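Content type mmCIF, C-alpha atoms, from the file work-v2.cif:
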data_final
loop_
_atom_site.label_atom_id
_atom_site.label_comp_id
_atom_site.auth_asym_id
_atom_site.auth_seq_id
_atom_site.Cartn_x
_atom_site.Cartn_y
_atom_site.Cartn_z
CA MET S 1 0.00 0.00 0.00
CA ARG S 2 0.96 3.66 -0.23
CA ALA S 3 1.63 5.50 3.02
CA LEU S 4 3.21 8.72 4.22
CA CYS S 5 6.43 7.87 6.05
CA TRP S 6 8.79 9.85 8.27
CA HIS S 7 12.44 9.84 7.19
CA GLY S 8 13.86 12.58 9.37
CA LYS S 9 13.39 16.21 10.29
CA TYR S 10 11.49 18.02 7.48
CA ASP S 11 11.56 14.80 5.43
CA VAL S 12 8.30 12.91 4.84
CA ARG S 13 7.63 10.78 1.76
CA VAL S 14 4.86 8.67 0.28
CA ASP S 15 6.32 5.17 0.10
CA THR S 16 5.10 1.72 -0.81
CA VAL S 17 4.98 -0.34 2.40
CA PRO S 18 3.50 -3.72 3.36
CA ASP S 19 -0.25 -3.86 3.86
CA PRO S 20 -1.28 -4.22 7.53
CA VAL S 21 -2.53 -7.61 8.69
CA ILE S 22 -4.53 -8.92 11.64
CA GLN S 23 -2.04 -9.54 14.48
CA GLU S 24 -4.43 -10.08 17.39
CA PRO S 25 -7.99 -11.46 17.51
CA THR S 26 -9.19 -8.02 18.65
CA ASP S 27 -7.81 -6.22 15.55
CA ALA S 28 -9.60 -4.81 12.53
CA ILE S 29 -8.27 -3.56 9.21
CA ILE S 30 -9.70 -0.32 7.82
CA LYS S 31 -9.52 0.87 4.22
CA ILE S 32 -8.94 4.60 4.64
CA THR S 33 -11.33 6.91 2.80
CA SER S 34 -10.25 10.21 4.41
CA THR S 35 -7.40 11.22 6.68
CA ALA S 36 -6.10 14.57 7.90
CA ILE S 37 -2.90 16.32 8.87
CA CYS S 38 -2.94 17.47 12.49
CA GLY S 39 -0.97 20.28 14.05
CA SER S 40 0.69 17.75 16.33
CA ASP S 41 1.98 15.92 13.23
CA LEU S 42 4.13 18.99 12.71
CA HIS S 43 5.96 18.25 15.98
CA LEU S 44 7.17 15.05 14.26
CA PHE S 45 7.90 16.85 10.99
CA ASP S 46 9.89 19.53 12.82
CA GLY S 47 11.88 16.98 14.82
CA TYR S 48 10.56 17.76 18.31
CA GLN S 49 9.18 14.31 19.15
CA PRO S 50 11.88 11.81 20.14
CA THR S 51 12.03 8.11 19.24
CA MET S 52 10.88 8.43 15.64
CA LYS S 53 12.37 5.91 13.20
CA ALA S 54 12.87 6.18 9.45
CA GLY S 55 9.89 4.59 7.69
CA ASP S 56 7.36 5.23 10.46
CA VAL S 57 3.88 5.72 8.98
CA LEU S 58 2.35 9.01 10.13
CA GLY S 59 -1.19 10.19 10.79
CA HIS S 60 -3.79 9.88 13.53
CA GLU S 61 -7.00 11.38 12.10
CA PRO S 62 -8.39 8.64 9.83
CA MET S 63 -11.72 7.11 8.89
CA GLY S 64 -12.77 4.46 6.43
CA ILE S 65 -14.43 1.11 5.72
CA VAL S 66 -13.89 -2.09 7.71
CA VAL S 67 -12.40 -4.71 5.38
CA GLU S 68 -11.38 -7.39 7.89
CA VAL S 69 -11.96 -8.17 11.56
CA GLY S 70 -10.25 -10.49 14.01
CA SER S 71 -12.01 -13.50 15.48
CA ALA S 72 -12.71 -11.74 18.82
CA VAL S 73 -14.23 -8.56 17.34
CA THR S 74 -17.98 -8.48 17.99
CA LYS S 75 -19.03 -4.85 17.44
CA LEU S 76 -17.72 -4.26 13.91
CA LYS S 77 -18.51 -5.99 10.64
CA LYS S 78 -16.93 -5.92 7.23
CA GLY S 79 -18.30 -3.06 5.17
CA GLU S 80 -19.14 -0.77 8.10
CA ARG S 81 -17.99 2.84 8.02
CA VAL S 82 -16.00 4.05 11.02
CA VAL S 83 -13.99 6.96 12.41
CA VAL S 84 -10.87 5.82 14.27
CA PRO S 85 -9.84 7.71 17.46
CA PHE S 86 -6.16 8.55 17.66
CA VAL S 87 -5.95 7.03 21.16
CA ILE S 88 -5.63 3.25 21.39
CA ALA S 89 -7.41 1.95 24.51
CA CYS S 90 -8.11 -1.55 25.78
CA GLY S 91 -11.44 -0.67 27.42
CA HIS S 92 -10.97 -2.76 30.57
CA CYS S 93 -7.93 -1.61 32.57
CA PHE S 94 -8.15 0.59 35.69
CA PHE S 95 -7.95 3.81 33.66
CA CYS S 96 -10.29 2.78 30.87
CA SER S 97 -12.86 1.79 33.51
CA LYS S 98 -12.75 5.44 34.65
CA THR S 99 -13.08 6.64 30.99
CA LEU S 100 -9.50 7.94 31.15
CA PHE S 101 -8.79 6.29 27.82
CA SER S 102 -5.62 8.22 26.95
CA CYS S 103 -4.14 6.88 30.20
CA CYS S 104 -4.76 3.24 29.21
CA ASP S 105 -2.31 0.98 31.02
CA THR S 106 -1.98 -1.75 28.41
CA THR S 107 -1.64 -0.35 24.88
CA ASN S 108 1.89 1.08 24.88
CA PRO S 109 4.34 -1.76 24.21
CA ASN S 110 7.18 0.67 24.97
CA ALA S 111 5.79 1.64 28.35
CA GLU S 112 9.12 1.36 30.14
CA ALA S 113 10.71 4.06 27.94
CA ALA S 114 7.73 6.34 28.58
CA ARG S 115 7.95 5.73 32.33
CA LYS S 116 11.59 6.85 32.36
CA LEU S 117 10.60 10.16 30.78
CA MET S 118 7.22 10.80 32.41
CA GLY S 119 6.97 8.62 35.50
CA HIS S 120 4.15 6.55 33.99
CA SER S 121 3.20 5.52 30.48
CA PRO S 122 0.18 6.96 28.68
CA ALA S 123 -1.79 5.00 26.10
CA GLY S 124 -0.44 4.07 22.71
CA LEU S 125 -1.26 6.49 19.89
CA PHE S 126 -1.48 6.01 16.15
CA GLY S 127 1.43 7.40 14.14
CA PHE S 128 3.10 9.24 16.99
CA SER S 129 6.58 7.89 17.81
CA HIS S 130 7.86 4.75 19.46
CA LEU S 131 7.71 6.42 22.86
CA LEU S 132 3.93 6.14 22.46
CA GLY S 133 3.81 2.68 20.99
CA GLY S 134 5.29 2.83 17.51
CA TYR S 135 1.90 2.11 15.90
CA ALA S 136 1.61 2.75 12.18
CA GLY S 137 -0.59 5.75 11.47
CA GLY S 138 -3.53 6.49 9.24
CA GLN S 139 -2.06 8.64 6.44
CA ALA S 140 -2.13 5.53 4.33
CA GLU S 141 -4.40 3.34 2.24
CA TYR S 142 -5.04 0.86 5.07
CA LEU S 143 -4.76 0.85 8.86
CA ARG S 144 -4.57 -1.88 11.48
CA VAL S 145 -6.81 -0.92 14.43
CA PRO S 146 -6.07 -2.74 17.71
CA HIS S 147 -8.89 -3.19 20.24
CA ALA S 148 -11.37 -2.57 17.46
CA ASP S 149 -14.40 -3.08 19.71
CA VAL S 150 -13.29 -0.15 21.89
CA GLY S 151 -12.16 2.62 19.58
CA PRO S 152 -13.92 3.04 16.24
CA ILE S 153 -17.05 5.18 16.02
CA LYS S 154 -19.61 3.70 13.62
CA ILE S 155 -21.14 6.14 11.15
CA GLU S 156 -24.52 4.71 10.24
CA SER S 157 -25.91 7.77 8.45
CA ASP S 158 -25.03 9.17 5.04
CA LEU S 159 -23.13 12.13 6.47
CA PRO S 160 -20.07 12.82 4.29
CA ASP S 161 -16.61 12.01 5.61
CA GLU S 162 -15.71 15.65 6.09
CA LYS S 163 -18.46 16.23 8.65
CA VAL S 164 -17.44 13.33 10.90
CA LEU S 165 -13.73 12.84 10.22
CA PHE S 166 -12.66 15.14 13.03
CA LEU S 167 -14.29 12.90 15.64
CA SER S 168 -10.93 11.13 15.36
CA ASP S 169 -9.14 13.93 17.19
CA ILE S 170 -9.65 17.68 16.90
CA PHE S 171 -13.36 17.93 17.77
CA PRO S 172 -13.15 15.82 20.95
CA THR S 173 -9.82 17.46 21.74
CA GLY S 174 -11.39 20.91 21.54
CA TYR S 175 -14.40 19.75 23.53
CA MET S 176 -12.30 18.18 26.29
CA ALA S 177 -10.17 21.35 26.41
CA ALA S 178 -13.29 23.41 27.05
CA GLU S 179 -14.61 20.84 29.55
CA ASN S 180 -11.26 20.84 31.40
CA ALA S 181 -11.46 24.63 31.60
CA GLU S 182 -14.38 24.20 34.01
CA ILE S 183 -16.41 26.91 32.29
CA GLU S 184 -19.24 28.39 34.30
CA SER S 185 -22.16 30.17 32.66
CA GLY S 186 -21.11 33.58 31.41
CA ASP S 187 -17.36 33.07 31.85
CA THR S 188 -14.78 34.88 29.75
CA VAL S 189 -12.51 32.31 28.08
CA ALA S 190 -9.21 33.18 26.37
CA VAL S 191 -7.96 30.69 23.78
CA TRP S 192 -4.35 30.86 22.64
CA GLY S 193 -4.04 29.75 19.01
CA CYS S 194 -6.56 29.77 16.18
CA GLY S 195 -5.54 26.54 14.45
CA PRO S 196 -7.89 23.59 13.96
CA VAL S 197 -7.94 22.41 17.60
CA ALA S 198 -8.43 25.99 18.78
CA GLN S 199 -11.32 26.48 16.34
CA MET S 200 -13.03 23.39 17.79
CA THR S 201 -12.22 24.64 21.28
CA ILE S 202 -13.89 27.97 20.56
CA GLN S 203 -17.03 26.21 19.33
CA SER S 204 -17.01 23.97 22.39
CA CYS S 205 -16.65 26.90 24.80
CA TRP S 206 -19.96 28.28 23.52
CA MET S 207 -21.56 24.83 23.87
CA LEU S 208 -20.49 24.70 27.51
CA GLY S 209 -21.85 28.11 28.46
CA ALA S 210 -19.11 30.70 27.89
CA GLY S 211 -20.33 34.28 27.86
CA ARG S 212 -17.35 35.57 25.95
CA VAL S 213 -14.51 33.96 23.97
CA ILE S 214 -11.28 35.77 23.10
CA ALA S 215 -8.93 34.15 20.55
CA ILE S 216 -5.22 34.95 20.26
CA ASP S 217 -3.07 34.39 17.16
CA CYS S 218 -1.16 36.31 14.49
CA VAL S 219 -2.25 34.58 11.26
CA PRO S 220 -4.91 36.73 9.55
CA GLU S 221 -7.00 33.91 8.06
CA ARG S 222 -7.05 32.03 11.36
CA LEU S 223 -8.11 35.13 13.27
CA GLU S 224 -10.80 35.76 10.65
CA MET S 225 -12.13 32.21 11.03
CA ALA S 226 -12.24 32.68 14.81
CA ARG S 227 -14.17 35.93 14.33
CA THR S 228 -16.63 34.76 11.69
CA ARG S 229 -17.14 31.06 12.40
CA GLY S 230 -16.26 31.16 16.09
CA ARG S 231 -17.91 34.45 17.03
CA ALA S 232 -14.81 35.24 19.08
CA GLU S 233 -13.19 38.55 19.87
CA THR S 234 -9.59 38.43 18.68
CA ILE S 235 -6.13 39.65 19.64
CA ASN S 236 -3.23 39.70 17.17
CA PHE S 237 -0.22 39.18 19.41
CA GLU S 238 2.08 40.80 16.85
CA GLU S 239 0.14 44.03 17.14
CA GLU S 240 -0.89 44.14 20.80
CA ASP S 241 0.50 43.13 24.18
CA VAL S 242 -1.64 40.13 25.08
CA TYR S 243 -1.53 40.61 28.84
CA GLU S 244 -2.33 44.31 28.71
CA ARG S 245 -5.14 43.76 26.22
CA LEU S 246 -6.74 40.91 28.19
CA ILE S 247 -6.54 42.89 31.43
CA ALA S 248 -8.20 45.86 29.73
CA MET S 249 -10.90 43.64 28.20
CA THR S 250 -11.74 42.13 31.59
CA GLN S 251 -11.69 45.30 33.70
CA GLY S 252 -8.46 44.32 35.40
CA ARG S 253 -9.50 40.83 36.50
CA GLY S 254 -8.14 38.61 33.73
CA PRO S 255 -9.99 35.84 31.85
CA ASP S 256 -11.82 33.31 34.00
CA ARG S 257 -10.49 30.42 31.93
CA CYS S 258 -7.38 30.25 29.73
CA ILE S 259 -6.78 27.52 27.16
CA ASP S 260 -3.39 26.76 25.58
CA ALA S 261 -4.24 25.26 22.20
CA VAL S 262 -0.71 25.86 20.88
CA GLY S 263 1.66 23.60 22.80
CA CYS S 264 5.36 23.06 22.42
CA GLU S 265 6.03 25.10 19.27
CA ALA S 266 4.84 28.52 20.37
CA HIS S 267 5.59 31.35 17.95
CA GLU S 268 8.64 33.51 18.68
CA THR S 269 6.85 36.67 19.83
CA GLY S 270 9.79 38.87 20.73
CA ALA S 271 9.21 38.31 24.44
CA VAL S 272 12.41 37.43 26.30
CA ASP S 273 11.25 33.95 27.29
CA ALA S 274 10.10 33.16 23.74
CA VAL S 275 13.45 34.26 22.27
CA ILE S 276 15.36 32.12 24.77
CA ASP S 277 13.09 29.14 24.01
CA LYS S 278 13.74 29.48 20.29
CA VAL S 279 17.50 29.70 20.74
CA LYS S 280 17.58 26.67 23.06
CA ALA S 281 15.37 24.62 20.72
CA THR S 282 17.52 25.56 17.73
CA LEU S 283 20.64 24.46 19.61
CA MET S 284 18.87 21.25 20.72
CA LEU S 285 19.19 22.35 24.35
CA ALA S 286 15.45 22.17 24.94
CA THR S 287 12.47 20.35 23.42
CA ASP S 288 9.62 22.79 24.02
CA ARG S 289 8.93 26.45 23.29
CA ALA S 290 6.55 27.13 26.17
CA HIS S 291 5.73 30.84 25.90
CA VAL S 292 1.97 30.26 25.68
CA ILE S 293 1.54 28.24 28.87
CA ARG S 294 3.61 30.83 30.77
CA GLN S 295 1.50 33.66 29.38
CA ALA S 296 -1.77 31.84 30.08
CA ILE S 297 -0.79 31.40 33.74
CA PHE S 298 0.22 35.06 33.94
CA CYS S 299 -3.04 36.28 32.39
CA CYS S 300 -5.57 34.00 34.08
CA ARG S 301 -7.60 35.54 36.89
CA LYS S 302 -7.06 34.44 40.46
CA GLY S 303 -8.88 31.20 41.18
CA GLY S 304 -9.26 30.49 37.47
CA THR S 305 -8.44 27.46 35.35
CA VAL S 306 -5.76 26.88 32.72
CA SER S 307 -6.58 24.05 30.30
CA VAL S 308 -3.84 22.60 28.10
CA PRO S 309 -4.83 20.58 25.01
CA GLY S 310 -1.63 21.71 23.25
CA VAL S 311 0.99 18.96 23.00
CA TYR S 312 4.16 19.22 25.07
CA VAL S 313 7.10 16.85 24.74
CA GLY S 314 9.53 17.18 27.65
CA MET S 315 10.92 19.61 30.22
CA ILE S 316 10.16 23.33 30.00
CA ASP S 317 12.22 26.16 31.46
CA LYS S 318 11.09 29.10 33.57
CA PHE S 319 7.70 27.63 34.44
CA PRO S 320 5.89 30.26 36.58
CA PHE S 321 4.72 27.85 39.24
CA GLY S 322 4.87 30.54 41.89
CA GLY S 323 2.23 32.49 39.99
CA ALA S 324 0.08 29.41 39.50
CA MET S 325 0.27 28.54 43.20
CA ASN S 326 -0.19 32.01 44.63
CA LYS S 327 -3.09 32.82 42.29
CA GLY S 328 -4.83 29.57 43.21
CA LEU S 329 -5.01 28.32 39.63
CA THR S 330 -6.21 24.92 38.53
CA ILE S 331 -4.22 23.44 35.63
CA LYS S 332 -5.77 20.57 33.67
CA ALA S 333 -4.08 18.86 30.74
CA GLY S 334 -3.89 15.59 28.86
CA GLN S 335 -4.18 13.69 25.65
CA THR S 336 -7.84 13.41 24.75
CA HIS S 337 -10.03 10.59 26.08
CA VAL S 338 -11.55 10.38 22.59
CA GLN S 339 -13.65 7.29 23.26
CA ARG S 340 -15.48 9.18 26.03
CA TYR S 341 -16.83 11.80 23.63
CA GLY S 342 -17.53 10.00 20.35
CA LYS S 343 -21.26 9.30 20.75
CA LEU S 344 -22.02 12.69 22.32
CA LEU S 345 -20.26 14.69 19.63
CA LEU S 346 -21.58 12.56 16.77
CA GLU S 347 -25.08 13.35 18.03
CA LYS S 348 -24.27 17.07 17.93
CA ILE S 349 -23.14 16.75 14.32
CA GLU S 350 -26.19 14.71 13.35
CA ALA S 351 -28.46 17.29 15.03
CA GLY S 352 -26.87 20.09 13.02
CA GLU S 353 -25.43 21.86 16.09
CA ILE S 354 -22.02 21.94 14.42
CA ASP S 355 -20.42 21.08 11.09
CA PRO S 356 -16.72 20.62 11.88
CA SER S 357 -15.79 20.65 8.18
CA PHE S 358 -15.70 24.46 8.25
CA VAL S 359 -11.99 24.28 9.19
CA ILE S 360 -10.98 22.47 5.97
CA THR S 361 -9.09 24.68 3.53
CA HIS S 362 -7.19 22.10 1.47
CA ARG S 363 -8.33 18.79 0.00
CA LEU S 364 -5.55 16.78 -1.63
CA PRO S 365 -4.64 13.22 -2.67
CA LEU S 366 -2.33 11.31 -0.33
CA GLU S 367 0.46 11.49 -2.90
CA GLU S 368 0.65 15.26 -2.35
CA ALA S 369 1.03 14.95 1.41
CA PRO S 370 4.74 15.92 1.62
CA GLY S 371 4.06 19.29 0.04
CA ALA S 372 0.95 19.72 2.16
CA TYR S 373 3.01 19.29 5.35
CA LYS S 374 5.24 22.17 4.30
CA THR S 375 2.29 24.37 3.31
CA PHE S 376 0.55 23.67 6.60
CA ARG S 377 3.69 24.16 8.68
CA ASP S 378 4.54 27.46 6.98
CA LYS S 379 0.90 28.68 7.06
CA GLU S 380 1.02 29.39 3.35
CA ASP S 381 -1.86 29.60 0.89
CA GLY S 382 -4.36 30.27 3.70
CA CYS S 383 -3.84 26.70 4.95
CA ILE S 384 -5.68 25.87 8.17
CA LYS S 385 -6.65 22.19 7.76
CA VAL S 386 -5.67 19.58 5.17
CA VAL S 387 -7.72 16.48 4.37
CA LEU S 388 -6.06 13.75 2.30
CA THR S 389 -7.70 11.06 0.17
CA PRO S 390 -5.70 7.86 -0.39
#
File written out as C-alpha cells:
Amino acid sequence: MRALCWHGKYDVRVDTVPDPVIQEPTDAIIKITSTAICGSDLHLFDGYQPTMKAGDVLGHEPMGIVVEVGSAVTKLKKGERVVVPFVIACGHCFFCSKTLFSCCDTTNPNAEAARKLMGHSPAGLFGFSHLLGGYAGGQAEYLRVPHADVGPIKIESDLPDEKVLFLSDIFPTGYMAAENAEIESGDTVAVWGCGPVAQMTIQSCWMLGAGRVIAIDCVPERLEMARTRGRAETINFEEEDVYERLIAMTQGRGPDRCIDAVGCEAHETGAVDAVIDKVKATLMLATDRAHVIRQAIFCCRKGGTVSVPGVYVGMIDKFPFGGAMNKGLTIKAGQTHVQRYGKLLLEKIEAGEIDPSFVITHRLPLEEAPGAYKTFRDKEDGCIKVVLTP
C-alpha cells in the first residue's frame, strides 16, 4: 500500500509499504477513505518528538471502511464505516474503567521508555513515535486498528466524511479542552491559538456556556475564522501586548479560563522567554517552546483554570509555578479521552449543532502529502486544515 512515512526532520515521503494484517484477535483492518494532517503531526515533521524511526507511517486522524476483523471482534462488521480515534485503549484496565482512555495501562508496548521520561506511560497512539507505541498511522491506504471493539465510532448515516472525520481527534480534543477549563455560565474564556484544535475549542466553549470567547493568534486567516465562524473577539499578538489587552478587556481581573491550544512550538513573539526558548530549541538544548503556557498562567484571573490541550514533549524552562500557586489556579491537561466523547459529539453533528468541516481549507490526494506538510507548517496559501484522500 501507499503510506506517508517519516524519514527525518522536514523529510516525509509517500512510500510503498506492506499492507497491515490482523495480528491479534481483537484487531480490525480499515480501508482509509479520508485522513487529515494534524498540528501535532508537525511536531514530528519539525523533529521535536523523540524516538521516531525512518519509515514510520504518520497520521492519527483517519476514517474508512472495515475490510477485515479479528475473530474476537464483535461490534464491527466488514463493510461498516468508522472513524478511528487517535488514542488506542483496551477498554478494561483501571484507567479505561474510569473513561480515562488516553491513560490506558496496556496499549503502549514501549511503556518502560515512557515511564523513564514521564513517571508513567500513557496509552499508545497512532502514528506518533515509538515512545507512544510505535503504531503505524492512518495517512495511508489501510490501517490496522487494535482493540477494534473499543475505539472506532460507527457512522450509520449518510453524512459525508468531512463532517465526521474530526471525531478522530480535533473535535473531541477541543471539547475536552473546554470541559477541562471548568467553564461556568457567562465566563470569559481566552484561547491561545486559532488553528484547527483551537477552532473546535472555541465552538465547544460556547456549547459549555461561555459568555465571551477571546482568541489569540497572528495569522490573519485564522483570526478571521475565529471571528466569523467562532464568534470570538480576537487579539493579534504581533500588534498588541496580550496581557495588557486581556486585562483591559476584563476590567483588570483577567480571563476566568485560559486555554493553551498551541503547545510546544509557540511562535517567537519577541518576548524574552520566547526568544530564549527558540535559541535553546535551535541548539537542541530544549524540546519545548513554552511561551503560551507561561503567558496563560500570567493572564488567568485568580482562582481560574488553565486548560492545556496543546501537546508538550519534555521539560520546560522558567515555568511560573509561583504564579500558579499564589493565584490559586487549577491546571488541567492531557491527551484526549476520545472514546469518552464519540457518541455525544456525533449526536451534535447529526443534530446540526455543528459542522466541523468548516476548518478544511485544502483537499488533496495522499500522494501530495509531503508538500501539504510544508504548506501547513509554513501557514502558506491560507492553509488551516488539510484532508487527504488515499
Check which residues of segment 139-207 of chain S sit at most 6 Å from segment 23-34 of chain S using only C-alpha atoms, and return one row each with the closest pair of atoms and their distance in Å to one decimal, ordered by chain and rising number, as JSON lines.
{"residue": "S:Glu141", "atom": "CA", "partner": "S:Ile32", "partner_atom": "CA", "distance": 5.3}
{"residue": "S:Tyr142", "atom": "CA", "partner": "S:Lys31", "partner_atom": "CA", "distance": 4.6}
{"residue": "S:Leu143", "atom": "CA", "partner": "S:Ile30", "partner_atom": "CA", "distance": 5.2}
{"residue": "S:Arg144", "atom": "CA", "partner": "S:Ile29", "partner_atom": "CA", "distance": 4.7}
{"residue": "S:Val145", "atom": "CA", "partner": "S:Ala28", "partner_atom": "CA", "distance": 5.2}
{"residue": "S:Pro146", "atom": "CA", "partner": "S:Asp27", "partner_atom": "CA", "distance": 4.5}
{"residue": "S:His147", "atom": "CA", "partner": "S:Thr26", "partner_atom": "CA", "distance": 5.1}
{"residue": "S:Ala148", "atom": "CA", "partner": "S:Asp27", "partner_atom": "CA", "distance": 5.4}
Once you have the residues from the selection above, write them out as a tab-separated table (two decimals), keeping the file's coordinate frame, restricted to C-alpha atoms.
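That gives us part-v4.tsv:
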chain	number	residue	atom	x	y	z
S	141	GLU	CA	-4.40	3.34	2.24
S	142	TYR	CA	-5.04	0.86	5.07
S	143	LEU	CA	-4.76	0.85	8.86
S	144	ARG	CA	-4.57	-1.88	11.48
S	145	VAL	CA	-6.81	-0.92	14.43
S	146	PRO	CA	-6.07	-2.74	17.71
S	147	HIS	CA	-8.89	-3.19	20.24
S	148	ALA	CA	-11.37	-2.57	17.46
Decode the PyMOL selection byres ((chain S and resi 292) around 8) for the given file into explicit residues and return them as a PDB file with C-alpha atoms, in the coordinates of the input.
ATOM      1  CA  TRP S 192      -4.350  30.860  22.640  1.00  0.00           C
ATOM      2  CA  ASP S 260      -3.390  26.760  25.580  1.00  0.00           C
ATOM      3  CA  VAL S 262      -0.710  25.860  20.880  1.00  0.00           C
ATOM      4  CA  GLY S 263       1.660  23.600  22.800  1.00  0.00           C
ATOM      5  CA  ALA S 266       4.840  28.520  20.370  1.00  0.00           C
ATOM      6  CA  ALA S 290       6.550  27.130  26.170  1.00  0.00           C
ATOM      7  CA  HIS S 291       5.730  30.840  25.900  1.00  0.00           C
ATOM      8  CA  ILE S 293       1.540  28.240  28.870  1.00  0.00           C
ATOM      9  CA  ARG S 294       3.610  30.830  30.770  1.00  0.00           C
ATOM     10  CA  GLN S 295       1.500  33.660  29.380  1.00  0.00           C
ATOM     11  CA  ALA S 296      -1.770  31.840  30.080  1.00  0.00           C
TER      12      ALA S 296
END
My list of candidates is S:Cys258, S:Cys205, S:Val313, S:Val21. Which is closest to Tyr48 of chain S when distances are computed with all atoms listed in the file?
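With all atoms listed in the file as the atom set, the closest residue is S:Val313.
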Please compute the atom CA of Glu368 of chain S-atom CA of Gly193 of chain S distance, one decimal, in Å.
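Separation between atom CA of Glu368 of chain S and atom CA of Gly193 of chain S: 26.2 Å.
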Just the number, please: distance in Å from atom CA of Val84 of chain S to atom CA of Phe166 of chain S, one decimal.
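So the two atoms, atom CA of Val84 of chain S and atom CA of Phe166 of chain S, lie 9.6 Å apart.
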Contacts of Ile349 of chain S at 9 Å (all atoms listed in the file; same-chain gap of 5+ positions) as a PyMOL selection string
chain S and resi 163-164+354-356
Name the residues captured by the PyMOL selection byres ((chain S and resi 378) around 12) when it is applied to the shown file; answer as number ranges by chain.
S: 10, 39, 42, 45-46, 219, 267, 371-377, 379-384
What is the atom CA of Ala140 of chain S to atom CA of Val386 of chain S distance in Å?
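Computing the Euclidean distance for atom CA of Ala140 of chain S and atom CA of Val386 of chain S yields 14.5 Å.
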Nearest residue to Ser129 of chain S from the set S:Val57, S:Met325, S:Val87, S:Leu100 (distances using only C-alpha atoms):
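Using only C-alpha atoms, the shortest distance to Ser129 of chain S belongs to S:Val57.
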Under the rule that only C-alpha atoms are counted, which of S:Arg2, S:Arg212, S:Lys332, S:Lys154 is the nearest residue to Leu346 of chain S?
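Of the candidates, the smallest distance to Leu346 of chain S is held by S:Lys154.
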In terms of the shortest atom-to-atom distance over all atoms listed in the file, which of S:Arg245, S:Arg301, S:Lys9, S:Arg340 is closest to Ile153 of chain S?
S:Arg340
Suppose a student applies the PyMOL selection byres ((chain S and resi 51) around 7) to this structure; what residues should they get, written as a PyMOL selection string?
chain S and resi 49-50+52-53+129-131
Return segment 194-205 of chain S, completed with N, CA, C and O atoms, as a compact mmCIF listing (two decimals), in the coordinates of the input.
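Full text of rebuild_35.txt as output:
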# COMPACT_ATOMS: atom_id res chain seq x y z
N CYS S 194 -5.34 29.83 16.98
CA CYS S 194 -6.56 29.77 16.18
C CYS S 194 -6.43 28.71 15.09
O CYS S 194 -7.03 28.82 14.02
N GLY S 195 -5.63 27.67 15.36
CA GLY S 195 -5.54 26.54 14.45
C GLY S 195 -6.75 25.64 14.59
O GLY S 195 -7.73 25.98 15.27
N PRO S 196 -6.72 24.47 13.97
CA PRO S 196 -7.89 23.59 13.96
C PRO S 196 -8.39 23.19 15.35
O PRO S 196 -9.59 23.23 15.61
N VAL S 197 -7.50 22.78 16.25
CA VAL S 197 -7.94 22.41 17.60
C VAL S 197 -8.55 23.62 18.30
O VAL S 197 -9.59 23.53 18.96
N ALA S 198 -7.90 24.78 18.15
CA ALA S 198 -8.43 25.99 18.78
C ALA S 198 -9.80 26.35 18.23
O ALA S 198 -10.69 26.79 18.99
N GLN S 199 -10.01 26.17 16.91
CA GLN S 199 -11.32 26.48 16.34
C GLN S 199 -12.39 25.58 16.94
O GLN S 199 -13.52 26.04 17.24
N MET S 200 -12.07 24.30 17.15
CA MET S 200 -13.03 23.39 17.79
C MET S 200 -13.21 23.74 19.26
O MET S 200 -14.30 23.59 19.83
N THR S 201 -12.14 24.22 19.89
CA THR S 201 -12.22 24.64 21.28
C THR S 201 -13.17 25.84 21.42
O THR S 201 -14.00 25.88 22.34
N ILE S 202 -13.03 26.79 20.53
CA ILE S 202 -13.89 27.97 20.56
C ILE S 202 -15.36 27.56 20.45
O ILE S 202 -16.22 28.00 21.22
N GLN S 203 -15.66 26.69 19.49
CA GLN S 203 -17.03 26.21 19.33
C GLN S 203 -17.53 25.52 20.60
O GLN S 203 -18.67 25.71 21.02
N SER S 204 -16.63 24.74 21.20
CA SER S 204 -17.01 23.97 22.39
C SER S 204 -17.22 24.87 23.60
O SER S 204 -18.06 24.58 24.46
N CYS S 205 -16.46 25.96 23.69
CA CYS S 205 -16.65 26.90 24.80
C CYS S 205 -18.07 27.45 24.79
O CYS S 205 -18.72 27.56 25.85
